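Input: a single structure, listed below in structure tokens.
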Amino acid sequence: MSSLSTFDLPVNKKPIVIIGAGGIVKDAHLPAYKKADFEVSAIYDLDTEKAKALALKFEIPTVCIDLKELVEFAQQNDCVYDMALPASVILSVLANIPDGSGVLIQKPMGENITQAEAILGLCRKKKLVAGINFQLRHAPYVTHAKKLIDQGAIGELHDIDVRMNVYTPWHLWDFLCQLPRVEILYHSIHYIDMIRYFLGEPKRVFAKTTKHPNMRALASTRSSIIMDYGDLVRANINTNHGHNFGSNHQESYFTFEGTEGAIKITVGVYLDYPKGLPDQFEYISLKDGESWKEVKIEGSWFPDAFIGPMAGLMCKTENPAYTYINSVEDAIHTMDVVEKCYESSENL
Ligand SMILES: NC(=O)c1ccc[n+]([C@@H]2O[C@H](COP(=O)([O-])OP(=O)(O)OC[C@H]3O[C@@H](n4cnc5c(N)ncnc54)[C@H](O)[C@@H]3O)[C@@H](O)[C@H]2O)c1
């Protein structure tokens with residue numbers, strides 16, 4: 001079993017206040033913080049009943065009835081903020097957070113590059129220590145792949161392939177029906193961010209994102225993305241969320257190929273959704289022989305990966321010299337790639 005205590009932890013953990021008591025906070029943020037033994041001291045949502053329900057379930061001592069009360073609480077108790085809100089309201093809420101605070105903001109960083117730049121500008125102006133919750137970088141199977149690649153186990157990395165041929169019932173999330181952008185902005189954005197983490201900035205992107213005849217009320221839910229890293233390195237993302245034909249031929253994986261080996265990660269969470277199937281981590285390193293090995297990885301994307309962006313935020317508030325891989329300064333580049341994908345798809 002691979003040991004996955006790979007998160008950098010602060011010397012002194014700070015208490016957390018949460019803004020937004022929706023699905024992702026219930027299913028991932030709070031379970032992750034419980035695992036990491038982070039203290040969640042207060043929660044606020046426009047819908048106070050939702051905040052109260054989560055406070056009860058996760059033993060959060062304080063429910064605030066408005067943002068002003070939460071901010072006062074956070075200042076008195078030296079807390080960091082955890083925002084998990086619709087992208088459209090990030091800017092207006094952020095404007096009310098005191099200068100110099102530590103804030104983790106759920107992805108996406110706004111609904112488009114214009115909003116992302118405004119969020120970055122506000123974070124700079126207010127001198128916030130701010131991050132975007134691109135947590136896939138911290139998924140235990142991704143951190144293990146990064147470790148192997150950094151150790152040279154597969155030689156020179158030259159190929160990353162992301163394949164999702166799954167059924168995601170997007171139509172169940174009503175709010176998505178109003179949005180002009182769905183698949184790349186809300187889903188493939190994670191893969192774009194992960195590929196940037198391994199390969200840096202692409203020279204350019206080519207993309208086509210397509211609607212599905214059975215999900216006509218939604219914007220596109222299938223995408224083919226090529227991130228161009230020149231003549232020797234290939235990075236592709238291929239997603240189809242409309243494969244509603246049982247789990248036999250569903251696919252959900254990342255592959256990393258190097259000059260001396262390869263890694264295949266089966267991402268179980270999207271298979272047979274919402275039940276999910278087990279993850280699998282397999283790799284071959286020609287340096288170790290010629291057979292594939294399976295590594296048992298402790299933890300998964302949900303909820304374990306959600307520890308990393310918050311742990312990093314606390315480290316950054318404690319030590320300004322700490323390299324925070326989820327900083328808004330880094331995240332803006334993922335938003336830029338997303339924007340270029342939509343431009344490419346619309347042939348702009
Ligand atoms: N893997 C991931 O990173 C991941 C997964 C799912 C969702 N998300 C992101 O998390 C965010 C929230 O998603 P969700 O599924 O929890 O949505 P949700 O609709 O379940 O919850 C959003 C909550 O925000 C509250 N809210 C809205 N405006 C507010 C305001 N101005 N002040 C206080 N509360 C307000 C709503 O009342 C609601 O309870 C979205 O941006 C989504 O993209 C990320």
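Residue numbering restarts at 1 for every chain of the structure tokens, chains are lettered A, B, ... in their displayed order, and ligands are numbered from 1 as they appear.
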* To do: Using only C-alpha atoms, determine which residues lie at most 8 Å from stretch 298-306 of chain A, disregarding the query and same-chain residues fewer than 2 positions distant; provide the list as a list in words.
  => Met1, Ser2, Ser3, Leu4, Asp27, Ala28, His29, Pro31, Ala32, Tyr33, Lys35, Asn133, Gln135, Leu136, Arg137, His138, Ala139, Pro140, Tyr141, Val269, Asp279, Lys296, Gly308, Pro309 and Met310 of chain A
C-alpha atoms of the current selection, written as an mmCIF file, in the first residue's frame:
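The new file part_5.cif reads:
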```
data_model
loop_
_atom_site.group_PDB
_atom_site.id
_atom_site.type_symbol
_atom_site.label_atom_id
_atom_site.label_comp_id
_atom_site.auth_asym_id
_atom_site.auth_seq_id
_atom_site.Cartn_x
_atom_site.Cartn_y
_atom_site.Cartn_z
ATOM 1 C CA MET A 1 0.000 0.000 0.000
ATOM 2 C CA SER A 2 1.412 3.363 -1.016
ATOM 3 C CA SER A 3 1.604 5.762 1.903
ATOM 4 C CA LEU A 4 -0.051 8.964 0.952
ATOM 5 C CA ASP A 27 -19.620 15.327 0.034
ATOM 6 C CA ALA A 28 -15.966 16.365 -0.176
ATOM 7 C CA HIS A 29 -14.774 19.444 1.776
ATOM 8 C CA PRO A 31 -15.212 14.719 4.969
ATOM 9 C CA ALA A 32 -11.700 15.690 3.800
ATOM 10 C CA TYR A 33 -11.202 18.200 6.613
ATOM 11 C CA LYS A 35 -9.768 13.152 7.783
ATOM 12 C CA ASN A 133 -9.567 24.473 -5.513
ATOM 13 C CA GLN A 135 -7.731 19.542 -6.208
ATOM 14 C CA LEU A 136 -7.102 16.825 -8.821
ATOM 15 C CA ARG A 137 -3.384 17.653 -8.524
ATOM 16 C CA HIS A 138 -3.658 16.302 -4.971
ATOM 17 C CA ALA A 139 -5.626 13.127 -5.746
ATOM 18 C CA PRO A 140 -3.592 10.313 -4.171
ATOM 19 C CA TYR A 141 -3.171 8.507 -7.516
ATOM 20 C CA VAL A 269 -15.508 7.677 -9.412
ATOM 21 C CA ASP A 279 -9.651 2.998 -8.788
ATOM 22 C CA LYS A 296 -2.651 -0.125 -3.950
ATOM 23 C CA GLY A 308 -4.277 19.436 -0.347
ATOM 24 C CA PRO A 309 -5.545 22.851 -1.499
ATOM 25 C CA MET A 310 -6.603 23.766 2.059
#
```
* To do: Tell me, as JSON, numbers by chain, which residues lie within 8 Å of A:Lys107, counting only C-alpha atoms; anything in the same chain fewer than 3 positions away does not count.
  => {"A": [87, 110, 132, 133, 134, 186]}
Write the residues of the preceding selection, restricted to C-alpha atoms, as a tab-separated table (two decimals), in the first residue's frame.
```tsv
chain	number	residue	atom	x	y	z
A	87	ALA	CA	-18.77	30.85	-10.05
A	110	GLY	CA	-15.31	32.60	-12.59
A	132	ILE	CA	-8.42	27.96	-6.44
A	133	ASN	CA	-9.57	24.47	-5.51
A	134	PHE	CA	-8.07	22.56	-8.45
A	186	TYR	CA	-16.91	22.37	-15.14
```
* To do: Could you give me the residues within 6 Å of ligand 1, counting only C-alpha atoms and all ligand atoms, as a list in words?
  =>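 Using only C-alpha atoms and all ligand atoms, I find these residues within 6 Å of ligand 1: Ile19, Gly20, Ala21, Gly22, Gly23, Ile24, Val25, Asp45, Leu46, Asp47, Ala84, Leu85, Pro86, Ala87, Val89, Gln106, Lys107, Pro108 and Tyr186 of chain A.
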Residue selection dump (N, CA and C atoms) as a PDB file, in the first residue's frame:
```pdb
ATOM      1  N   ILE A  19     -18.031  29.294   3.424  1.00  0.00           N
ATOM      2  CA  ILE A  19     -19.132  30.045   2.799  1.00  0.00           C
ATOM      3  C   ILE A  19     -19.709  29.158   1.705  1.00  0.00           C
ATOM      4  N   GLY A  20     -20.960  28.725   1.905  1.00  0.00           N
ATOM      5  CA  GLY A  20     -21.600  27.809   0.958  1.00  0.00           C
ATOM      6  C   GLY A  20     -21.746  26.447   1.607  1.00  0.00           C
ATOM      7  N   ALA A  21     -22.976  25.965   1.660  1.00  0.00           N
ATOM      8  CA  ALA A  21     -23.232  24.666   2.310  1.00  0.00           C
ATOM      9  C   ALA A  21     -23.901  23.724   1.311  1.00  0.00           C
ATOM     10  N   GLY A  22     -23.362  23.696   0.108  1.00  0.00           N
ATOM     11  CA  GLY A  22     -23.959  22.886  -0.960  1.00  0.00           C
ATOM     12  C   GLY A  22     -23.381  21.483  -1.024  1.00  0.00           C
ATOM     13  N   GLY A  23     -23.635  20.844  -2.157  1.00  0.00           N
ATOM     14  CA  GLY A  23     -23.294  19.434  -2.341  1.00  0.00           C
ATOM     15  C   GLY A  23     -21.814  19.145  -2.176  1.00  0.00           C
ATOM     16  N   ILE A  24     -20.958  19.966  -2.744  1.00  0.00           N
ATOM     17  CA  ILE A  24     -19.529  19.621  -2.724  1.00  0.00           C
ATOM     18  C   ILE A  24     -18.934  19.805  -1.322  1.00  0.00           C
ATOM     19  N   VAL A  25     -19.495  20.742  -0.567  1.00  0.00           N
ATOM     20  CA  VAL A  25     -19.016  20.922   0.814  1.00  0.00           C
ATOM     21  C   VAL A  25     -19.420  19.697   1.641  1.00  0.00           C
ATOM     22  N   ASP A  45     -24.433  30.063   4.730  1.00  0.00           N
ATOM     23  CA  ASP A  45     -25.003  29.902   3.387  1.00  0.00           C
ATOM     24  C   ASP A  45     -26.201  30.848   3.319  1.00  0.00           C
ATOM     25  N   LEU A  46     -26.498  31.350   2.129  1.00  0.00           N
ATOM     26  CA  LEU A  46     -27.704  32.168   1.936  1.00  0.00           C
ATOM     27  C   LEU A  46     -28.915  31.418   2.483  1.00  0.00           C
ATOM     28  N   ASP A  47     -28.886  30.102   2.307  1.00  0.00           N
ATOM     29  CA  ASP A  47     -29.953  29.241   2.822  1.00  0.00           C
ATOM     30  C   ASP A  47     -29.498  28.713   4.190  1.00  0.00           C
ATOM     31  N   ALA A  84     -17.270  27.890  -1.410  1.00  0.00           N
ATOM     32  CA  ALA A  84     -17.733  26.903  -2.397  1.00  0.00           C
ATOM     33  C   ALA A  84     -19.086  27.379  -2.912  1.00  0.00           C
ATOM     34  N   LEU A  85     -19.028  28.282  -3.878  1.00  0.00           N
ATOM     35  CA  LEU A  85     -20.208  29.011  -4.356  1.00  0.00           C
ATOM     36  C   LEU A  85     -20.298  28.907  -5.871  1.00  0.00           C
ATOM     37  N   PRO A  86     -21.454  29.223  -6.428  1.00  0.00           N
ATOM     38  CA  PRO A  86     -21.502  29.303  -7.890  1.00  0.00           C
ATOM     39  C   PRO A  86     -20.471  30.327  -8.390  1.00  0.00           C
ATOM     40  N   ALA A  87     -19.851  30.005  -9.526  1.00  0.00           N
ATOM     41  CA  ALA A  87     -18.770  30.852 -10.050  1.00  0.00           C
ATOM     42  C   ALA A  87     -19.228  32.303 -10.237  1.00  0.00           C
ATOM     43  N   VAL A  89     -20.942  34.250  -8.418  1.00  0.00           N
ATOM     44  CA  VAL A  89     -21.006  35.137  -7.248  1.00  0.00           C
ATOM     45  C   VAL A  89     -19.658  35.293  -6.532  1.00  0.00           C
ATOM     46  N   GLN A 106     -13.626  27.713  -4.584  1.00  0.00           N
ATOM     47  CA  GLN A 106     -13.916  26.551  -5.436  1.00  0.00           C
ATOM     48  C   GLN A 106     -13.772  26.906  -6.909  1.00  0.00           C
ATOM     49  N   LYS A 107     -13.326  25.930  -7.687  1.00  0.00           N
ATOM     50  CA  LYS A 107     -13.253  26.110  -9.128  1.00  0.00           C
ATOM     51  C   LYS A 107     -14.671  26.134  -9.694  1.00  0.00           C
ATOM     52  N   PRO A 108     -14.915  26.664 -10.891  1.00  0.00           N
ATOM     53  CA  PRO A 108     -13.957  27.378 -11.713  1.00  0.00           C
ATOM     54  C   PRO A 108     -13.734  28.798 -11.186  1.00  0.00           C
ATOM     55  N   TYR A 186     -16.595  23.032 -16.406  1.00  0.00           N
ATOM     56  CA  TYR A 186     -16.908  22.372 -15.135  1.00  0.00           C
ATOM     57  C   TYR A 186     -16.242  21.015 -14.959  1.00  0.00           C
TER      58      TYR A 186
END
```
* **Residue nearest A:Phe254 among A:Ala207, A:Leu176, A:Val142, A:Ala95 (counting only C-alpha atoms)** =>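 The shortest atom-to-atom distance to A:Phe254 comes from A:Val142.
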So that I can check the surroundings of A:Gly312, please list as a CSV table (one decimal) with C-alpha atoms, in the first residue's frame every protein, DNA and RNA residue that reaches within 12 Å of it, counting only C-alpha atoms and ignoring chain neighbours fewer than 3 positions away.
```csv
chain,number,residue,atom,x,y,z
A,6,THR,CA,2.1,13.6,0.9
A,7,PHE,CA,0.4,16.8,1.9
A,8,ASP,CA,2.5,19.6,3.2
A,9,LEU,CA,1.0,20.5,6.5
A,10,PRO,CA,1.3,23.9,8.3
A,11,VAL,CA,3.1,24.0,11.7
A,13,LYS,CA,-3.4,24.6,11.6
A,14,LYS,CA,-5.8,27.5,11.4
A,80,VAL,CA,-9.0,31.0,6.8
A,102,GLY,CA,-6.4,33.5,3.4
A,103,VAL,CA,-9.1,32.3,1.0
A,104,LEU,CA,-9.6,29.1,-0.9
A,129,VAL,CA,-3.5,34.8,0.1
A,130,ALA,CA,-5.8,33.1,-2.3
A,131,GLY,CA,-6.1,29.7,-4.0
A,132,ILE,CA,-8.4,28.0,-6.4
A,133,ASN,CA,-9.6,24.5,-5.5
A,134,PHE,CA,-8.1,22.6,-8.5
A,135,GLN,CA,-7.7,19.5,-6.2
A,137,ARG,CA,-3.4,17.7,-8.5
A,138,HIS,CA,-3.7,16.3,-5.0
A,305,ALA,CA,-7.7,15.3,-2.8
A,306,PHE,CA,-9.6,18.2,-1.1
A,307,ILE,CA,-7.1,18.2,1.8
A,308,GLY,CA,-4.3,19.4,-0.3
A,309,PRO,CA,-5.5,22.9,-1.5
A,315,CYS,CA,1.1,26.7,4.7
A,316,LYS,CA,1.1,29.8,2.5
A,317,THR,CA,-0.5,32.0,5.1
A,318,GLU,CA,2.1,30.8,7.6
A,319,ASN,CA,5.1,31.1,5.3
A,320,PRO,CA,4.9,33.6,2.4
A,321,ALA,CA,7.9,31.8,0.8
A,322,TYR,CA,6.0,28.5,0.5
A,323,THR,CA,5.2,27.5,-3.1
A,324,TYR,CA,1.4,27.1,-3.2
A,325,ILE,CA,0.6,25.1,-6.3
A,326,ASN,CA,-3.1,26.1,-6.2
A,327,SER,CA,-2.5,29.8,-6.0
```
* Looking at A:Glu156, A:Asp78, A:Glu39, A:Glu257, which one is nearest to A:Ile60, with distances taken over only C-alpha atoms? ->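 The closest residue to A:Ile60 is A:Glu39.
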Just the residues within 12 Å of A:Ile119, please, counting only C-alpha atoms, with nothing from its chain fewer than 2 positions along; format it as a short mmCIF file (atom, residue, chain, number, x, y, z; two decimals) with N, CA and C atoms, in the first residue's frame.
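Wrote part-v6.cif, looks like this:
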```
data_model
loop_
_atom_site.label_atom_id
_atom_site.label_comp_id
_atom_site.auth_asym_id
_atom_site.auth_seq_id
_atom_site.Cartn_x
_atom_site.Cartn_y
_atom_site.Cartn_z
N ALA A 87 -19.85 30.00 -9.53
CA ALA A 87 -18.77 30.85 -10.05
C ALA A 87 -19.23 32.30 -10.24
N SER A 88 -20.49 32.49 -10.55
CA SER A 88 -21.00 33.83 -10.85
C SER A 88 -20.99 34.77 -9.65
N VAL A 89 -20.94 34.25 -8.42
CA VAL A 89 -21.01 35.14 -7.25
C VAL A 89 -19.66 35.29 -6.53
N ILE A 90 -18.61 34.66 -7.07
CA ILE A 90 -17.32 34.70 -6.37
C ILE A 90 -16.85 36.14 -6.15
N LEU A 91 -16.90 36.95 -7.20
CA LEU A 91 -16.36 38.32 -7.11
C LEU A 91 -17.06 39.13 -6.04
N SER A 92 -18.40 39.07 -6.04
CA SER A 92 -19.14 39.92 -5.09
C SER A 92 -18.89 39.48 -3.66
N VAL A 93 -18.75 38.18 -3.43
CA VAL A 93 -18.49 37.71 -2.05
C VAL A 93 -17.06 38.06 -1.65
N LEU A 94 -16.14 37.86 -2.58
CA LEU A 94 -14.72 38.14 -2.29
C LEU A 94 -14.51 39.60 -1.89
N ALA A 95 -15.29 40.48 -2.47
CA ALA A 95 -15.16 41.92 -2.19
C ALA A 95 -15.39 42.21 -0.70
N VAL A 103 -7.83 32.72 1.60
CA VAL A 103 -9.11 32.29 1.02
C VAL A 103 -8.89 31.19 -0.01
N ILE A 105 -10.93 29.23 -2.93
CA ILE A 105 -12.14 29.46 -3.74
C ILE A 105 -12.39 28.22 -4.60
N LYS A 107 -13.33 25.93 -7.69
CA LYS A 107 -13.25 26.11 -9.13
C LYS A 107 -14.67 26.13 -9.69
N PRO A 108 -14.92 26.66 -10.89
CA PRO A 108 -13.96 27.38 -11.71
C PRO A 108 -13.73 28.80 -11.19
N MET A 109 -12.63 29.41 -11.64
CA MET A 109 -12.27 30.76 -11.19
C MET A 109 -13.09 31.75 -12.04
N GLY A 110 -14.41 31.79 -11.77
CA GLY A 110 -15.31 32.60 -12.59
C GLY A 110 -15.78 31.81 -13.81
N GLU A 111 -16.69 32.42 -14.55
CA GLU A 111 -17.33 31.71 -15.67
C GLU A 111 -16.58 31.85 -16.98
N ASN A 112 -15.59 32.73 -17.00
CA ASN A 112 -14.80 32.94 -18.23
C ASN A 112 -13.53 33.71 -17.84
N ILE A 113 -12.68 33.95 -18.83
CA ILE A 113 -11.38 34.56 -18.52
C ILE A 113 -11.54 36.00 -18.01
N THR A 114 -12.59 36.70 -18.46
CA THR A 114 -12.79 38.08 -17.99
C THR A 114 -13.04 38.07 -16.48
N GLN A 115 -13.92 37.16 -16.04
CA GLN A 115 -14.18 37.07 -14.59
C GLN A 115 -12.94 36.56 -13.85
N ALA A 116 -12.22 35.63 -14.45
CA ALA A 116 -11.01 35.10 -13.79
C ALA A 116 -10.00 36.22 -13.57
N GLU A 117 -9.84 37.06 -14.58
CA GLU A 117 -8.88 38.17 -14.44
C GLU A 117 -9.35 39.17 -13.38
N GLY A 121 -7.33 40.13 -10.10
CA GLY A 121 -7.07 41.54 -9.81
C GLY A 121 -7.52 41.91 -8.40
N LEU A 122 -8.70 41.41 -8.01
CA LEU A 122 -9.22 41.72 -6.67
C LEU A 122 -8.35 41.07 -5.60
N CYS A 123 -7.91 39.83 -5.86
CA CYS A 123 -7.04 39.14 -4.88
C CYS A 123 -5.74 39.92 -4.70
N ARG A 124 -5.19 40.42 -5.81
CA ARG A 124 -3.94 41.19 -5.70
C ARG A 124 -4.18 42.49 -4.95
N LYS A 125 -5.27 43.19 -5.32
CA LYS A 125 -5.55 44.49 -4.71
C LYS A 125 -5.76 44.35 -3.19
N LYS A 126 -6.45 43.28 -2.81
CA LYS A 126 -6.74 43.09 -1.39
C LYS A 126 -5.63 42.31 -0.67
N LYS A 127 -4.57 41.99 -1.42
CA LYS A 127 -3.44 41.23 -0.85
C LYS A 127 -3.93 39.95 -0.16
N LEU A 128 -4.89 39.28 -0.80
CA LEU A 128 -5.38 38.03 -0.24
C LEU A 128 -4.36 36.92 -0.52
N ALA A 130 -4.59 33.69 -1.75
CA ALA A 130 -5.77 33.05 -2.34
C ALA A 130 -5.41 31.88 -3.24
N GLY A 131 -6.26 30.86 -3.17
CA GLY A 131 -6.06 29.70 -4.02
C GLY A 131 -7.37 29.30 -4.69
N ILE A 132 -7.25 28.54 -5.77
CA ILE A 132 -8.42 27.96 -6.44
C ILE A 132 -8.36 26.45 -6.22
N VAL A 328 -3.97 31.49 -6.97
CA VAL A 328 -4.71 32.14 -8.06
C VAL A 328 -3.76 32.53 -9.20
N GLU A 329 -2.51 32.81 -8.85
CA GLU A 329 -1.52 33.21 -9.87
C GLU A 329 -1.24 32.05 -10.83
N ALA A 331 -3.57 29.42 -11.13
CA ALA A 331 -4.89 28.99 -11.65
C ALA A 331 -5.33 29.81 -12.86
N ILE A 332 -4.91 31.05 -12.93
CA ILE A 332 -5.31 31.90 -14.05
C ILE A 332 -4.87 31.26 -15.38
N MET A 335 -7.41 28.77 -16.42
CA MET A 335 -8.58 29.48 -16.98
C MET A 335 -8.28 29.98 -18.39
#
```
* Selection near A:Asn248, 12 Å with only C-alpha atoms, sequence-local residues under 2 positions removed, as a list in words -> Asn165, Val166, Tyr167, His243, Asn244, Phe245, Gly246, Gln250, Glu251, Ser252, Leu271, Asp272 and Leu277 of chain A
Keeping only N, CA and C atoms, write the selected residues to a file as a PDB file, in the first residue's frame.
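Dumped to again-v6.pdb:
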```pdb
ATOM      1  N   ASN A 165     -15.352   7.974 -21.101  1.00  0.00           N
ATOM      2  CA  ASN A 165     -16.510   7.560 -21.888  1.00  0.00           C
ATOM      3  C   ASN A 165     -17.494   7.006 -20.867  1.00  0.00           C
ATOM      4  N   VAL A 166     -18.298   7.903 -20.320  1.00  0.00           N
ATOM      5  CA  VAL A 166     -19.077   7.582 -19.125  1.00  0.00           C
ATOM      6  C   VAL A 166     -20.482   8.170 -19.262  1.00  0.00           C
ATOM      7  N   TYR A 167     -21.306   7.857 -18.274  1.00  0.00           N
ATOM      8  CA  TYR A 167     -22.631   8.496 -18.247  1.00  0.00           C
ATOM      9  C   TYR A 167     -22.725   9.387 -17.016  1.00  0.00           C
ATOM     10  N   HIS A 243     -22.545   8.265 -22.490  1.00  0.00           N
ATOM     11  CA  HIS A 243     -22.506   6.826 -22.777  1.00  0.00           C
ATOM     12  C   HIS A 243     -23.410   6.087 -21.787  1.00  0.00           C
ATOM     13  N   ASN A 244     -24.707   6.095 -22.100  1.00  0.00           N
ATOM     14  CA  ASN A 244     -25.708   5.549 -21.175  1.00  0.00           C
ATOM     15  C   ASN A 244     -26.080   4.121 -21.569  1.00  0.00           C
ATOM     16  N   PHE A 245     -25.070   3.248 -21.649  1.00  0.00           N
ATOM     17  CA  PHE A 245     -25.295   1.881 -22.120  1.00  0.00           C
ATOM     18  C   PHE A 245     -24.678   0.867 -21.157  1.00  0.00           C
ATOM     19  N   GLY A 246     -24.801   1.138 -19.857  1.00  0.00           N
ATOM     20  CA  GLY A 246     -24.233   0.224 -18.867  1.00  0.00           C
ATOM     21  C   GLY A 246     -22.743   0.429 -18.735  1.00  0.00           C
ATOM     22  N   GLN A 250     -17.777   1.407 -20.528  1.00  0.00           N
ATOM     23  CA  GLN A 250     -17.398   2.725 -20.016  1.00  0.00           C
ATOM     24  C   GLN A 250     -15.884   2.763 -19.826  1.00  0.00           C
ATOM     25  N   GLU A 251     -15.313   3.942 -19.986  1.00  0.00           N
ATOM     26  CA  GLU A 251     -13.873   4.107 -19.771  1.00  0.00           C
ATOM     27  C   GLU A 251     -13.649   5.380 -18.967  1.00  0.00           C
ATOM     28  N   SER A 252     -12.693   5.338 -18.072  1.00  0.00           N
ATOM     29  CA  SER A 252     -12.392   6.512 -17.252  1.00  0.00           C
ATOM     30  C   SER A 252     -10.947   6.352 -16.777  1.00  0.00           C
ATOM     31  N   LEU A 271     -17.129   5.818 -13.092  1.00  0.00           N
ATOM     32  CA  LEU A 271     -17.643   4.581 -13.680  1.00  0.00           C
ATOM     33  C   LEU A 271     -18.888   4.139 -12.920  1.00  0.00           C
ATOM     34  N   ASP A 272     -19.892   3.698 -13.651  1.00  0.00           N
ATOM     35  CA  ASP A 272     -21.149   3.263 -13.039  1.00  0.00           C
ATOM     36  C   ASP A 272     -21.664   4.334 -12.069  1.00  0.00           C
ATOM     37  N   LEU A 277     -16.742   2.716  -9.239  1.00  0.00           N
ATOM     38  CA  LEU A 277     -16.026   1.437  -9.193  1.00  0.00           C
ATOM     39  C   LEU A 277     -14.644   1.707  -8.601  1.00  0.00           C
TER      40      LEU A 277
END
```
* Would you kindly return, as a PyMOL selection string, each protein, DNA or RNA residue with an atom no farther than 12 Å from any atom of A:Arg196, considering only C-alpha atoms and excluding same-chain residues fewer than 2 positions away? => chain A and resi 134+136-137+160+189-194+198-203+227-229+235-236+325-326+330-338
* stretch 82-326 of chain A: which residues are alpha helix (DSSP H) by DSSP, as an NGL selection string? -> :A and (90-94 or 113-125 or 140-150 or 183 or 189-199 or 307-318)
* Surrounding residues of A:Ile154 excluding itself and chain neighbours under 2 positions, 12 Å, only C-alpha atoms, as a ChimeraX atom specification -> /A:145-152,156-159,255-264,283-290,292
